[in-house]
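So this block is my_file_25.csv, CSV, C-alpha atoms:
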```csv
chain,number,residue,atom,x,y,z
A,1,MET,CA,89.9,144.6,65.0
A,2,ALA,CA,88.9,144.3,68.6
A,3,LEU,CA,88.1,140.8,70.0
A,4,SER,CA,84.6,140.1,71.0
A,5,ARG,CA,83.8,139.1,74.6
A,6,SER,CA,83.6,135.4,73.6
A,7,GLY,CA,86.9,135.6,71.7
A,8,LYS,CA,88.6,137.0,74.8
A,9,TRP,CA,87.2,134.2,76.9
A,10,ALA,CA,88.4,131.6,74.3
A,11,LEU,CA,91.9,133.2,74.2
A,12,GLY,CA,92.0,133.2,78.0
A,13,ILE,CA,91.1,129.6,78.2
A,14,LEU,CA,93.7,128.7,75.6
A,15,GLY,CA,96.3,130.6,77.6
A,16,ALA,CA,95.4,128.8,80.8
A,17,LEU,CA,95.5,125.4,79.1
A,18,PHE,CA,99.0,126.3,77.7
A,19,ILE,CA,100.2,127.2,81.2
A,20,LEU,CA,98.8,124.0,82.6
A,21,PHE,CA,100.5,122.1,79.8
A,22,ILE,CA,103.9,123.7,80.6
A,23,PHE,CA,103.4,123.0,84.3
A,24,PHE,CA,102.5,119.4,83.6
A,25,TRP,CA,105.7,118.7,81.6
A,26,VAL,CA,107.9,120.6,84.1
A,27,LEU,CA,106.4,118.3,86.8
A,28,ILE,CA,107.2,115.2,84.8
A,29,ILE,CA,110.8,116.3,84.2
A,30,ILE,CA,111.2,116.9,87.9
A,31,LEU,CA,109.8,113.5,88.7
A,32,VAL,CA,111.9,111.7,86.1
A,33,SER,CA,115.1,113.5,87.2
A,34,GLN,CA,114.7,112.2,90.8
A,35,PRO,CA,116.9,109.2,91.7
A,36,ASP,CA,115.3,105.8,91.6
A,37,ASP,CA,115.6,105.5,95.4
A,38,SER,CA,116.0,108.1,98.1
A,39,VAL,CA,116.5,107.9,101.8
A,40,ARG,CA,117.6,110.4,104.4
A,41,ILE,CA,119.9,109.1,107.1
A,42,SER,CA,120.1,111.2,110.2
A,43,ARG,CA,122.7,110.8,113.0
A,44,GLY,CA,121.7,108.3,115.5
A,45,ASN,CA,121.1,104.6,116.1
A,46,ASN,CA,120.1,103.3,112.6
A,47,VAL,CA,119.4,99.9,111.3
A,48,ALA,CA,119.2,99.9,107.5
A,49,VAL,CA,116.9,97.4,105.8
A,50,VAL,CA,117.8,95.9,102.4
A,51,GLU,CA,115.1,93.7,100.8
A,52,ILE,CA,115.7,90.8,98.5
A,53,ASP,CA,112.2,89.9,97.3
A,54,GLY,CA,111.3,87.4,94.5
A,55,ILE,CA,113.5,85.6,92.0
A,56,ILE,CA,117.1,86.9,92.1
A,57,ILE,CA,117.7,88.1,88.6
A,58,ASN,CA,119.9,91.2,89.0
A,59,SER,CA,122.2,92.0,91.9
A,60,GLU,CA,122.8,95.7,91.1
A,61,LYS,CA,120.2,97.2,93.5
A,62,ALA,CA,121.0,95.0,96.5
A,63,VAL,CA,124.8,95.4,96.0
A,64,ARG,CA,124.4,99.2,95.7
A,65,GLN,CA,122.4,99.5,98.9
A,66,ILE,CA,124.6,97.2,100.9
A,67,LYS,CA,127.7,99.0,99.8
A,68,ARG,CA,126.1,102.4,100.5
A,69,TYR,CA,125.1,101.4,104.0
A,70,ARG,CA,128.5,99.8,104.7
A,71,GLN,CA,130.2,103.1,103.9
A,72,ASN,CA,127.8,105.3,105.9
A,73,ARG,CA,129.0,105.8,109.5
A,74,ASN,CA,125.5,106.7,110.6
A,75,VAL,CA,124.3,103.2,109.9
A,76,ASN,CA,125.1,100.8,112.8
A,77,ALA,CA,123.9,97.6,111.2
A,78,ILE,CA,122.2,96.2,108.2
A,79,LEU,CA,119.2,93.9,108.2
A,80,LEU,CA,118.9,91.8,105.0
A,81,ARG,CA,115.2,90.8,104.6
A,82,VAL,CA,115.2,87.7,102.3
A,83,ASP,CA,112.0,86.4,100.8
A,84,SER,CA,113.2,84.6,97.7
A,85,PRO,CA,113.2,81.0,96.2
A,86,GLY,CA,116.5,81.8,94.6
A,87,GLY,CA,117.6,82.7,91.1
A,88,GLY,CA,120.7,83.4,89.0
A,89,VAL,CA,124.0,82.0,90.1
A,90,ALA,CA,126.1,85.0,89.3
A,91,ALA,CA,123.6,87.5,90.9
A,92,SER,CA,123.4,85.4,94.1
A,93,GLN,CA,127.2,85.2,94.3
A,94,GLU,CA,127.6,89.0,93.8
A,95,ILE,CA,125.2,89.7,96.7
A,96,PHE,CA,127.0,87.0,98.8
A,97,GLU,CA,130.3,88.7,98.3
A,98,GLU,CA,129.0,92.2,99.2
A,99,VAL,CA,127.5,90.8,102.4
A,100,LYS,CA,130.7,89.0,103.2
A,101,LYS,CA,132.8,92.2,102.6
A,102,THR,CA,130.5,94.2,104.8
A,103,VAL,CA,130.8,91.8,107.8
A,104,GLU,CA,134.6,91.6,107.3
A,105,ASN,CA,134.7,95.4,107.4
A,106,GLY,CA,133.1,95.3,110.9
A,107,LYS,CA,129.5,96.2,110.1
A,108,PRO,CA,127.0,93.6,111.3
A,109,VAL,CA,124.6,92.1,108.7
A,110,VAL,CA,121.6,90.2,110.1
A,111,VAL,CA,119.4,88.1,107.7
A,112,SER,CA,115.7,87.9,108.4
A,113,MET,CA,114.1,85.1,106.4
A,114,GLY,CA,110.5,85.5,105.3
A,115,ALA,CA,108.2,82.9,103.9
A,116,VAL,CA,110.9,81.5,101.6
A,117,ALA,CA,114.7,81.9,101.6
A,118,ALA,CA,115.8,78.9,99.6
A,119,SER,CA,118.6,78.0,97.2
A,120,GLY,CA,120.0,81.4,96.0
A,121,GLY,CA,117.9,83.0,98.8
A,122,TYR,CA,119.9,80.9,101.3
A,123,TYR,CA,123.2,81.4,99.4
A,124,VAL,CA,123.0,85.2,99.8
A,125,SER,CA,122.3,84.8,103.5
A,126,LEU,CA,125.3,82.6,104.3
A,127,PRO,CA,128.0,85.3,105.1
A,128,ALA,CA,125.7,87.2,107.5
A,129,SER,CA,126.7,87.9,111.1
A,130,SER,CA,123.5,86.1,112.1
A,131,ILE,CA,120.7,84.3,110.2
A,132,VAL,CA,117.2,84.4,111.7
A,133,ALA,CA,114.2,82.4,110.3
A,134,ASN,CA,110.7,81.8,111.4
A,135,PRO,CA,109.9,78.2,112.4
A,136,GLY,CA,107.8,77.9,109.2
A,137,THR,CA,110.2,79.5,106.8
A,138,ILE,CA,111.1,77.3,103.8
A,139,THR,CA,114.9,77.4,103.4
A,140,GLY,CA,117.8,75.2,102.3
A,141,SER,CA,117.3,73.7,98.8
A,142,ILE,CA,121.1,73.6,98.4
A,143,GLY,CA,121.6,72.7,94.8
A,144,VAL,CA,121.7,73.8,91.2
A,145,ILE,CA,119.1,73.3,88.5
A,146,SER,CA,118.8,73.9,84.7
A,147,ARG,CA,115.9,73.0,82.5
A,148,PHE,CA,115.7,72.5,78.8
A,149,PHE,CA,112.5,72.4,76.8
A,150,HIS,CA,112.2,70.4,73.5
A,151,VAL,CA,109.5,71.3,70.9
A,152,GLU,CA,110.8,69.1,68.0
A,153,GLU,CA,107.8,66.8,67.9
A,154,LEU,CA,105.4,69.7,68.2
A,155,LEU,CA,107.0,71.5,65.3
A,156,ASP,CA,107.0,68.3,63.2
A,157,LYS,CA,103.2,68.0,63.8
A,158,ILE,CA,102.5,71.5,62.5
A,159,GLY,CA,105.0,71.2,59.6
A,160,VAL,CA,107.7,73.6,60.9
A,161,ASP,CA,111.4,72.8,60.3
A,162,VAL,CA,114.4,74.5,61.8
A,163,THR,CA,117.9,74.7,60.2
A,164,THR,CA,120.8,75.5,62.4
A,165,ILE,CA,124.2,76.7,61.0
A,166,LYS,CA,126.9,76.6,63.6
A,167,SER,CA,130.7,76.4,64.2
A,168,GLY,CA,131.7,74.3,67.2
A,169,ARG,CA,129.7,71.2,68.1
A,170,PHE,CA,128.5,72.7,71.5
A,171,LYS,CA,127.3,76.0,70.0
A,172,ASP,CA,123.6,75.1,70.0
A,173,SER,CA,123.8,72.7,72.9
A,174,GLY,CA,120.5,73.0,74.9
A,175,SER,CA,118.5,74.0,71.8
A,176,ILE,CA,114.8,73.6,72.2
A,177,TYR,CA,114.6,72.3,68.6
A,178,ARG,CA,116.3,68.9,69.2
A,179,ASP,CA,117.1,66.4,71.9
A,180,MET,CA,120.5,66.4,73.5
A,181,ALA,CA,123.2,64.0,72.5
A,182,GLU,CA,124.8,62.0,75.4
A,183,PHE,CA,128.1,64.0,75.1
A,184,GLU,CA,126.0,67.2,75.6
A,185,LYS,CA,124.3,65.9,78.7
A,186,THR,CA,127.7,65.1,80.1
A,187,TYR,CA,128.9,68.6,79.3
A,188,TRP,CA,125.9,70.2,81.1
A,189,GLN,CA,126.2,67.9,84.0
A,190,ASP,CA,129.8,68.9,84.4
A,191,LEU,CA,128.7,72.6,84.5
A,192,MET,CA,126.1,71.9,87.1
A,193,ASP,CA,128.5,69.9,89.2
A,194,ASP,CA,131.1,72.7,89.2
A,195,VAL,CA,128.5,75.4,90.3
A,196,TYR,CA,127.2,72.9,92.9
A,197,VAL,CA,130.6,72.5,94.4
A,198,GLN,CA,130.9,76.3,94.7
A,199,PHE,CA,127.6,76.3,96.6
A,200,VAL,CA,128.5,73.5,98.9
A,201,SER,CA,132.0,75.0,99.6
A,202,ALA,CA,130.3,78.3,100.6
A,203,VAL,CA,128.0,76.4,103.0
A,204,ALA,CA,130.9,74.5,104.6
A,205,GLU,CA,133.0,77.7,105.0
A,206,THR,CA,130.3,80.0,106.4
A,207,ARG,CA,128.5,77.4,108.6
A,208,GLN,CA,131.8,75.8,109.7
A,209,PHE,CA,130.9,72.4,108.5
A,210,ASP,CA,133.3,69.9,107.1
A,211,LEU,CA,132.7,69.1,103.5
A,212,ASP,CA,131.1,65.7,104.1
A,213,ARG,CA,128.6,67.3,106.4
A,214,ALA,CA,127.8,70.0,103.9
A,215,TYR,CA,127.3,67.4,101.2
A,216,GLU,CA,124.9,65.5,103.4
A,217,LEU,CA,122.7,68.6,103.6
A,218,ALA,CA,123.1,69.6,100.0
A,219,GLU,CA,120.8,67.2,98.3
A,220,GLY,CA,118.4,69.9,97.1
A,221,LYS,CA,116.1,69.3,100.1
A,222,THR,CA,114.1,72.2,101.5
A,223,TYR,CA,113.8,72.5,105.3
A,224,THR,CA,111.5,74.4,107.6
A,225,GLY,CA,113.1,77.1,109.7
A,226,ARG,CA,112.9,74.8,112.8
A,227,GLN,CA,114.6,72.0,110.9
A,228,ALA,CA,117.3,74.3,109.6
A,229,TYR,CA,118.0,75.5,113.1
A,230,GLU,CA,118.4,72.0,114.4
A,231,LEU,CA,120.7,71.1,111.5
A,232,GLY,CA,122.9,74.2,112.0
A,233,LEU,CA,121.9,75.9,108.7
A,234,ILE,CA,120.7,79.1,110.5
A,235,ASP,CA,121.6,80.7,113.8
A,236,THR,CA,118.3,81.3,115.6
A,237,LEU,CA,114.6,81.2,115.2
A,238,GLY,CA,112.6,84.5,115.4
A,239,THR,CA,110.5,87.0,113.6
A,240,TYR,CA,111.4,90.1,111.6
A,241,GLU,CA,111.2,92.2,114.8
A,242,ASP,CA,113.5,89.7,116.6
A,243,ALA,CA,116.0,90.1,113.8
A,244,ILE,CA,115.8,93.9,114.1
A,245,ARG,CA,116.6,93.6,117.8
A,246,ILE,CA,119.6,91.3,117.1
A,247,ALA,CA,120.9,93.7,114.5
A,248,ALA,CA,120.5,96.6,116.9
A,249,ASP,CA,122.4,94.7,119.6
A,250,LEU,CA,125.2,93.8,117.3
A,251,GLY,CA,125.4,97.4,116.1
A,252,GLY,CA,125.8,98.6,119.7
A,253,ILE,CA,122.4,100.4,119.8
A,254,ILE,CA,120.9,101.0,123.1
A,255,GLY,CA,117.1,101.5,123.1
A,256,GLU,CA,114.8,101.4,120.1
A,257,PRO,CA,116.7,101.6,116.8
A,258,GLU,CA,115.6,103.8,113.9
A,259,ILE,CA,114.7,101.8,110.8
A,260,ILE,CA,115.7,103.3,107.5
A,261,ARG,CA,115.2,102.0,104.0
A,262,GLU,CA,115.2,103.2,100.4
A,263,ARG,CA,111.8,103.9,98.9
A,264,PRO,CA,111.5,103.9,95.2
A,265,ARG,CA,110.2,107.1,93.5
A,266,ARG,CA,108.1,106.2,90.5
A,267,THR,CA,107.4,108.5,87.5
A,268,ILE,CA,103.8,109.2,86.3
A,269,TRP,CA,104.5,106.6,83.5
A,270,ASP,CA,105.6,104.0,86.0
A,271,SER,CA,102.5,104.6,88.1
A,272,PHE,CA,100.2,104.3,85.1
A,273,LEU,CA,101.8,101.0,84.0
A,274,MET,CA,101.6,99.7,87.6
A,275,SER,CA,97.9,100.5,87.7
A,276,VAL,CA,97.4,98.6,84.4
A,277,LEU,CA,99.8,95.7,84.7
A,278,GLY,CA,100.7,95.5,88.3
A,279,ASP,CA,104.4,95.3,88.9
A,280,TYR,CA,105.4,95.0,85.3
A,281,THR,CA,109.1,95.0,86.0
A,282,ASP,CA,108.7,91.7,88.0
A,283,ILE,CA,106.7,90.3,85.0
A,284,ARG,CA,109.5,91.3,82.6
A,285,ASP,CA,112.3,90.1,84.8
A,286,THR,CA,110.7,86.8,85.6
A,287,TYR,CA,109.7,85.7,82.1
A,288,LEU,CA,112.2,87.4,79.8
A,289,GLN,CA,115.4,87.4,81.8
A,290,LEU,CA,115.4,84.3,83.8
A,291,PRO,CA,118.9,82.8,83.8
A,292,ALA,CA,119.5,79.3,82.4
A,293,ILE,CA,121.5,78.0,85.4
A,294,GLN,CA,119.9,78.7,88.7
A,295,TYR,CA,120.3,78.4,92.5
A,296,ARG,CA,116.6,78.0,92.8
A,297,MET,CA,114.2,75.6,94.6
A,298,PRO,CA,111.8,73.6,92.5
A,299,GLU,CA,108.3,74.8,92.1
A,300,PRO,CA,106.0,73.4,94.9
A,301,ILE,CA,103.4,70.8,94.0
A,302,ILE,CA,100.7,72.7,95.8
A,303,LYS,CA,100.5,76.4,94.9
```
Could you express the structure from this file as structure tokens?
Amino acid sequence: MALSRSGKWALGILGALFILFIFFWVLIIILVSQPDDSVRISRGNNVAVVEIDGIIINSEKAVRQIKRYRQNRNVNAILLRVDSPGGGVAASQEIFEEVKKTVENGKPVVVSMGAVAASGGYYVSLPASSIVANPGTITGSIGVISRFFHVEELLDKIGVDVTTIKSGRFKDSGSIYRDMAEFEKTYWQDLMDDVYVQFVSAVAETRQFDLDRAYELAEGKTYTGRQAYELGLIDTLGTYEDAIRIAADLGGIIGEPEIIRERPRRTIWDSFLMSVLGDYTDIRDTYLQLPAIQYRMPEPIIK
């Protein structure tokens, strides 16, 4: 039986919708298959920018970028832009080591400090060829911190009890469900002291201080960029553009350098979540994966 005119129109519309559906999913597959970051590096006078922004939770991205630029002969120098109050000890140390390795291999790394480059943000900056900060940058905060919350009294008020089964007397040390015993406080203090010594030793080695001088500055205090310069904690005062120029000079670039950086490619799903939640990955990392022991400056009184 022949189709009516309206039936043919309906069939045509369904066919068009099917083709659009296939095209839509092919586009999604192409976008998802793209690497998380992409950058084209041409031959020439290149300064590569690596950004460390926010709380340092994971070192993978920064380490990968620094390593990639170190191995690329077309990159003359790396500028590490740090705007971070610090974060995890291990993540900060991994970035520190990658920066140190890059400088030792003969490729300059210049740090440009933003609004805040404190604690872990300062730690990752230490091995750089040159550290540049604005006069008003907040930096320093050389120390280690770990916080433990206790909700035992609150649970008692609402009639909730917690039973813990453990082997080893330290296994639930730091539990939110009870206060610490004195021997546990001593245990945690020893941990903090050991990580603190690692931080101070790194400051003494990279800034060429004797240990006594490093300890004098490592009281957890924050400093302005100008104060840090006067104390020898950074190399010079200047802006982001000044740091670019220093990196270009150290990289042997004559004239204006070409600035390269990786730019993330987001999937349609990522874009949708960003429009609804903002940067949901920062929310997730900040509140779900924050490490217990941190190179991190304390929260400011005024926000």
For Leu233 (chain A), which of A:Ser167, A:Pro257, A:Ala128, A:Val197 is the closest residue, counting all atoms listed in the file?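 When distances to Leu233 (chain A) are compared using all atoms listed in the file, the smallest one comes from A:Ala128.
Each of A:Val49, A:Ile131, A:Val160, A:Leu155 was compared to Gly232 (chain A) using only C-alpha atoms, and A:Ile131 turns out to be the nearest.
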Give me, as a ChimeraX atom specification, all polymer residues having an atom no more than 10 Å from Arg70 (chain A), counting all atoms listed in the file and skipping those fewer than 2 positions away in the same chain. /A:48,64-68,72-78,98-99,101-103,105-109
Restrict the selected residues to C-alpha atoms and save them as a PDB file, in the frame of the given file.
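Wrote part_35.pdb, looks like this:
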```pdb
ATOM      1  CA  ALA A  48     119.200  99.900 107.500  1.00  0.00           C
ATOM      2  CA  ARG A  64     124.400  99.200  95.700  1.00  0.00           C
ATOM      3  CA  GLN A  65     122.400  99.500  98.900  1.00  0.00           C
ATOM      4  CA  ILE A  66     124.600  97.200 100.900  1.00  0.00           C
ATOM      5  CA  LYS A  67     127.700  99.000  99.800  1.00  0.00           C
ATOM      6  CA  ARG A  68     126.100 102.400 100.500  1.00  0.00           C
ATOM      7  CA  ASN A  72     127.800 105.300 105.900  1.00  0.00           C
ATOM      8  CA  ARG A  73     129.000 105.800 109.500  1.00  0.00           C
ATOM      9  CA  ASN A  74     125.500 106.700 110.600  1.00  0.00           C
ATOM     10  CA  VAL A  75     124.300 103.200 109.900  1.00  0.00           C
ATOM     11  CA  ASN A  76     125.100 100.800 112.800  1.00  0.00           C
ATOM     12  CA  ALA A  77     123.900  97.600 111.200  1.00  0.00           C
ATOM     13  CA  ILE A  78     122.200  96.200 108.200  1.00  0.00           C
ATOM     14  CA  GLU A  98     129.000  92.200  99.200  1.00  0.00           C
ATOM     15  CA  VAL A  99     127.500  90.800 102.400  1.00  0.00           C
ATOM     16  CA  LYS A 101     132.800  92.200 102.600  1.00  0.00           C
ATOM     17  CA  THR A 102     130.500  94.200 104.800  1.00  0.00           C
ATOM     18  CA  VAL A 103     130.800  91.800 107.800  1.00  0.00           C
ATOM     19  CA  ASN A 105     134.700  95.400 107.400  1.00  0.00           C
ATOM     20  CA  GLY A 106     133.100  95.300 110.900  1.00  0.00           C
ATOM     21  CA  LYS A 107     129.500  96.200 110.100  1.00  0.00           C
ATOM     22  CA  PRO A 108     127.000  93.600 111.300  1.00  0.00           C
ATOM     23  CA  VAL A 109     124.600  92.100 108.700  1.00  0.00           C
TER      24      VAL A 109
END
```
How far is it from CA of Ile176 (chain A) to CA of Phe149 (chain A), in Å with one decimal?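 Between CA of Ile176 (chain A) and CA of Phe149 (chain A) the gap is 5.3 Å.
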Determine, counting all atoms listed in the file, which protein, DNA and RNA residues have an atom within 12 Å of an atom of Glu153 (chain A); residues of the same chain fewer than 2 positions away are not included. Present the result as a ChimeraX atom specification. /A:149-151,155-162,176-179
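We find CA of Ser84 (chain A) and CA of Tyr122 (chain A) to be spaced 8.5 Å apart.
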Just the number, please: distance in Å from CA of Lys171 (chain A) to CA of Val200 (chain A), one decimal.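 Going from CA of Lys171 (chain A) over to CA of Val200 (chain A) covers 29.0 Å.
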Selection as a PyMOL selection string: residues within 9 Å of (112.6, 99.7, 108.3), counting all atoms listed in the file: chain A and resi 47-50+79+244+258-261
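Nearest to Met192 (chain A) of all the residues A:Gln208, A:Ser146, A:Ser129, A:Gln71 is A:Ser146, based on only C-alpha atoms.
Residue nearest Phe96 (chain A), chosen from A:Ile19, A:Val203, A:Ile165, A:Ala243 and counting only C-alpha atoms: A:Val203.
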Using all atoms listed in the file, can you list as a PyMOL selection string the residues within 12 Å of (127.0, 63.7, 97.4)? chain A and resi 142-143+193+196-197+200+211-220
Resulting file, chosen residues, C-alpha atoms, as an mmCIF file, in the coordinates of the input:
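The resulting file, part.cif, is reproduced below:
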```cif
data_model
loop_
_atom_site.group_PDB
_atom_site.id
_atom_site.type_symbol
_atom_site.label_atom_id
_atom_site.label_comp_id
_atom_site.auth_asym_id
_atom_site.auth_seq_id
_atom_site.Cartn_x
_atom_site.Cartn_y
_atom_site.Cartn_z
ATOM 1 C CA ILE A 142 121.100 73.600 98.400
ATOM 2 C CA GLY A 143 121.600 72.700 94.800
ATOM 3 C CA ASP A 193 128.500 69.900 89.200
ATOM 4 C CA TYR A 196 127.200 72.900 92.900
ATOM 5 C CA VAL A 197 130.600 72.500 94.400
ATOM 6 C CA VAL A 200 128.500 73.500 98.900
ATOM 7 C CA LEU A 211 132.700 69.100 103.500
ATOM 8 C CA ASP A 212 131.100 65.700 104.100
ATOM 9 C CA ARG A 213 128.600 67.300 106.400
ATOM 10 C CA ALA A 214 127.800 70.000 103.900
ATOM 11 C CA TYR A 215 127.300 67.400 101.200
ATOM 12 C CA GLU A 216 124.900 65.500 103.400
ATOM 13 C CA LEU A 217 122.700 68.600 103.600
ATOM 14 C CA ALA A 218 123.100 69.600 100.000
ATOM 15 C CA GLU A 219 120.800 67.200 98.300
ATOM 16 C CA GLY A 220 118.400 69.900 97.100
#
```
Quick one: residues within 12 Å of Gln227 (chain A), only C-alpha atoms counted, chain neighbours fewer than 2 positions away excluded, as a ChimeraX atom specification? /A:133-140,217,221-225,229-237
Between A:Ala228, A:Gln93, A:Gln198, A:Ile55, which residue has the minimum interatomic distance to Ser141 (chain A), considering all atoms listed in the file?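 Answer, going by the shortest atom-to-atom distance: A:Ala228.
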Please determine, counting all atoms listed in the file, which residue among A:Phe170, A:Gly87, A:Gly121, A:Val111 has the shortest atom-to-atom distance to Ala247 (chain A). A:Val111
